[in-house]
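Accompanying notes for the structure given below.
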Amino acid sequence: MTRAAKKTTKTPSLLSLSRIRLAVLSYFSAVAYVFAFTLTFAFFADAPALARAYTTYEKGLEKFSHRQFAESIPLFQQAVKEDANDADAWTFLGRAHMMQDQFPQAIKACTKAIELNPQNAQAYTFREFCHFQLKNIRAGLEDSEKAIKYYRTNAYEPSLVWALDNRVRACRIIKRPDLIEQDLNVLQTYEILDKAIKHREWARLNDALKTVDQAIENMPKNADMWFFRGVINSNKRDFWNAAADFSNAIRCAPEAWFLYYFRADVYQQLGQNREAVRDLTTVINARPRLAAYRFTCETGRLRDQGIRIDESPITLPDVYFLRANSQAELGNIKEAIEDLNEALKLDPTDTKALSLRAEYVSEGGKNDIAVKDFTEAIRQNPDDWAKYQQRGNAYLKLGKVQEAMQDFSEIIKRNPKDPGSYLIRALALEKNGDHEGALADYSQVIKLTPNDDDAFLARGICFKSMKRYKEALDDFNEAERINPENKSMVMEEKAKLYVETGEEALARSQTKTLDSALAAKRPNYILLGSIGGLSAFLIVLLYFWNKKRKRITK
């Protein structure tokens with residue numbers, strides 16, 4: 001499909017504006033992706049790979065969102081070979097053909113999608129467009145009526161606007177303005193929403209909020225408008241208002257299960273985990289293929305993966321993973337593990353689910369099982385050094401020090417210039433009594449980051465454990481010099497050192513100074529008590545004065 005219809009001095013060809021809108025929307029998706037990819041490559045080049053593998057259908061969606069329509073077609077074709085009853089894959093196969101101006105093939109694929117799901121509004125919308133392009137006006141109008149009738153707030157895009165736009169233009173051609181008066185009002189409101197979406201794409205969130213509020217004034221019971229308002233507030237990190245917006249959207253469209261995913265996400269940000277579990281359970285009970293596809297930027301599991309594109313699929317395994325997080329926050333570790341088991345049944349490649357399950361299992365004392373999960377996660381993604389740390393910790397709990405040190409050494413091998421890698425091994429070595437080994441690693445940390453006050457403090461404690469008191473004092477003083485806020489911790493460690501060396505007077509001087517510093521930070525409880533007592537007296541006095549005044553009035 002061409003990016004836009006060519007301008008002429010004649011009346012625009014049928015539905016040319018719709019083609020432009022499709023192209024513009026796809027263009028912004030592509031721009032967002034390129035920008036996101038640049039950021040991701042620049043800042044996350046050494047980060048672990050994504051937590052799970054994409055399905056064939058999801059790979060097709062990814063290609064499609066990047067405007068690689070020709071490349072998406074064989075992926076959708078493969079998806080329908082894998083499951084001939086996959087209505088979503090047939091729908092997007094039709095849409096991909098449509099974007100390539102392959103209208104007969106698009107109609108065939110969309111017809112199959114409609115056979116599988118007679119209320120598939122998207123398939124009707126895409127088939128409608130193809131019929132109009134082939135001058136089958138009557139068939140196109142029939143499809144447009146069904147596209148509008150069956151449209152529901154969805155996780156892909158508001159295809160309603162395309163169906164309305166195509167219908168309006170077709171009705172003008174056949175000179176039936178009586179059919180489109182209501183369509184024009186709805187279309188106008190969706191055009192306002194489109195402006196709000198553009199504001200958000202260019203990070204003008206306040207302008208986006210003002211614009212979507214205009215759309216809500218026109219259609220206060222439209223879920224799409226409230227949903228997008230929630231997206232904006234979520235981007236602004238105004239999570240309470242985002243939750244209220246998503247709740248309004250749900251009241252308008254309670255059957256749109258993907259809305260519950262977005263509300264659950266903001267509930268998690270607010271620490272409202274019971275509410276998050278409730279909403280995620282609603283999504284799980286709906287058994288959707290995708291819980292969300294549009295506006296997923298910085299939600300759920302994508303937040304910590306450096307992904308900054310909206311068109312990233314959130315699927316049922318992701319929802320189980322998120323519910324496990326909330327269950328764990330509520331102390332329901334057994335239920336959290338069960339959710340992770342379900343996520344792994346649906347997608348065994350999910351290394352983050354494997355690792356999280358291993359963490360919870362390890363907390364329950366079953367470190368041998370945890371080691372197996374961490375080992376599988378490493379096998380699937382050997383570049384994720386965090387898994388070596390987690391498996392190393394599990395080995396330590398099992399008393400397998402040699403295996404643990406091999407894992408910690410592997411981290412250093414993969415990140416030889418990262419001071420944190422040496423710090424991880426240093427802490428493990430010191431915990432297991434190998435102070436010489438820990439000392440070498442602490443020194444390497446300091447060599448790589450000479451102004452790391454925490455490293456000097458840690459090495460000083462290590463020196464103290466080895467009874468090398470002079471070097472310990474030197475490191476404590478250096479830690480305090482680099483960061484004066486360390487003074488309290490340094491004085492505490494110095495006091496312990498002087499007790500060990502028998503210099504009690506010096507130890508007392510450190511504790512006395514420390515007590516004075518802490519006392520200066522304490523509230524003056526005597527003054528606060530006096531103020532509180534005076535306030536209580538005034539409240540009682542005011543009460544009796546009011547009572548007396550009322551008697552006089554009567």
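Here's how to read the names in the structure tokens: chain A, B, ... by the order shown, residue numbers from 1 in each chain, ligand numbers from 1 in the order shown.
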- Can you tell me, as number ranges by chain, what residues are no more than 10 Å from A:Gln406 when counting only C-alpha atoms, ignoring any on the same chain fewer than 5 positions away? A: 388, 392, 401, 411-412, 425
- Task: With a distance cut-off of 10 Å and only C-alpha atoms, select the neighbouring residues of stretch 217-222 of chain A, excluding the residue or stretch itself and same-chain residues fewer than 6 positions from it, and output the selection as number ranges by chain.
- Result: A: 153, 185-186, 188-190, 192, 248-253
Go ahead and write the selection's residues with C-alpha atoms as a PDB file, in the first residue's frame.
```
ATOM      1  CA  THR A 153     -12.684  -1.102  22.777  1.00  0.00           C
ATOM      2  CA  ASN A 185     -20.307  13.281  14.948  1.00  0.00           C
ATOM      3  CA  VAL A 186     -18.530  10.143  16.164  1.00  0.00           C
ATOM      4  CA  GLN A 188     -15.180  14.130  14.659  1.00  0.00           C
ATOM      5  CA  THR A 189     -14.657  13.016  18.246  1.00  0.00           C
ATOM      6  CA  TYR A 190     -12.229  10.284  17.192  1.00  0.00           C
ATOM      7  CA  ILE A 192      -9.894  14.843  18.440  1.00  0.00           C
ATOM      8  CA  ASN A 248     -14.274   4.872  33.994  1.00  0.00           C
ATOM      9  CA  ALA A 249     -13.250   3.021  30.831  1.00  0.00           C
ATOM     10  CA  ILE A 250     -14.200  -0.303  32.431  1.00  0.00           C
ATOM     11  CA  ARG A 251     -17.603   1.076  33.421  1.00  0.00           C
ATOM     12  CA  CYS A 252     -18.147   2.006  29.765  1.00  0.00           C
ATOM     13  CA  ALA A 253     -16.846  -1.332  28.433  1.00  0.00           C
TER      14      ALA A 253
END
```
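Proximity to A:Glu492 at 8 Å, evaluated using only C-alpha atoms and with sequence-adjacent residues fewer than 2 positions away removed, yields Ser488, Met489, Val490, Lys494, Ala495, Lys496, Gln510, Thr511 and Leu514 of chain A.
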Restrict the calculation to only C-alpha atoms, then for each residue of stretch 336-447 of chain A with any atom at most 12 Å from an atom of stretch 284-307 of chain A give the closest atom pair and their distance in Å to one decimal, rows by chain and rising residue number, as a Markdown table.
```
| residue | atom | partner | partner_atom | distance |
| --- | --- | --- | --- | --- |
| A:Asp339 | CA | A:Ile284 | CA | 10.5 |
| A:Glu342 | CA | A:Ile284 | CA | 10.7 |
| A:Ala343 | CA | A:Ile284 | CA | 10.9 |
| A:Leu346 | CA | A:Arg289 | CA | 10.9 |
| A:Asp350 | CA | A:Arg301 | CA | 11.7 |
| A:Lys352 | CA | A:Arg301 | CA | 9.6 |
| A:Ala353 | CA | A:Arg301 | CA | 10.8 |
```
Could you turn the residues from that selection into a file that holds C-alpha atoms, as a PDB file, in the first residue's frame?
```pdb
ATOM      1  CA  ASP A 339       1.218 -18.533  38.956  1.00  0.00           C
ATOM      2  CA  GLU A 342       1.251 -21.590  34.876  1.00  0.00           C
ATOM      3  CA  ALA A 343       3.352 -18.983  33.076  1.00  0.00           C
ATOM      4  CA  LEU A 346       2.382 -21.533  28.537  1.00  0.00           C
ATOM      5  CA  ASP A 350      10.390 -17.410  29.999  1.00  0.00           C
ATOM      6  CA  LYS A 352      12.401 -14.327  34.157  1.00  0.00           C
ATOM      7  CA  ALA A 353       9.603 -16.590  35.348  1.00  0.00           C
TER       8      ALA A 353
END
```
- Task: Show which residues sit within 8 Å of A:Asp279, as an MDAnalysis selection string. Count only C-alpha atoms, and ignore same-chain residues fewer than 5 positions away.
- Result: chainID A and resid 260:261 263:264
Can I get the selected residues back with N, CA and C atoms, as a compact mmCIF listing (two decimals), in the first residue's frame?
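Output contents, as saved in result-v7.txt:
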```
# COMPACT_ATOMS: atom_id res chain seq x y z
N TYR A 260 -8.43 -4.09 32.21
CA TYR A 260 -8.10 -4.54 33.56
C TYR A 260 -6.59 -4.69 33.73
N TYR A 261 -5.91 -5.05 32.64
CA TYR A 261 -4.45 -5.15 32.69
C TYR A 261 -3.84 -3.79 33.02
N ARG A 263 -5.26 -1.18 34.46
CA ARG A 263 -5.59 -0.75 35.82
C ARG A 263 -4.77 -1.53 36.84
N ALA A 264 -4.57 -2.83 36.58
CA ALA A 264 -3.74 -3.63 37.48
C ALA A 264 -2.32 -3.08 37.54
```
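Atom pair atom CA of A:Gln100 / atom CA of A:Arg308: separated by 27.4 Å.
Interatomic distance, atom CA of A:Phe239 to atom CA of A:Ala203: 17.5 Å.
Counting only C-alpha atoms, A:His435 has the following residues at most 10 Å away, ignoring those fewer than 6 positions along the same chain: Ala426, Leu427, Ala428, Leu429, Asp441, Arg459, Cys462, Phe463, Ser465 and Met466 of chain A.
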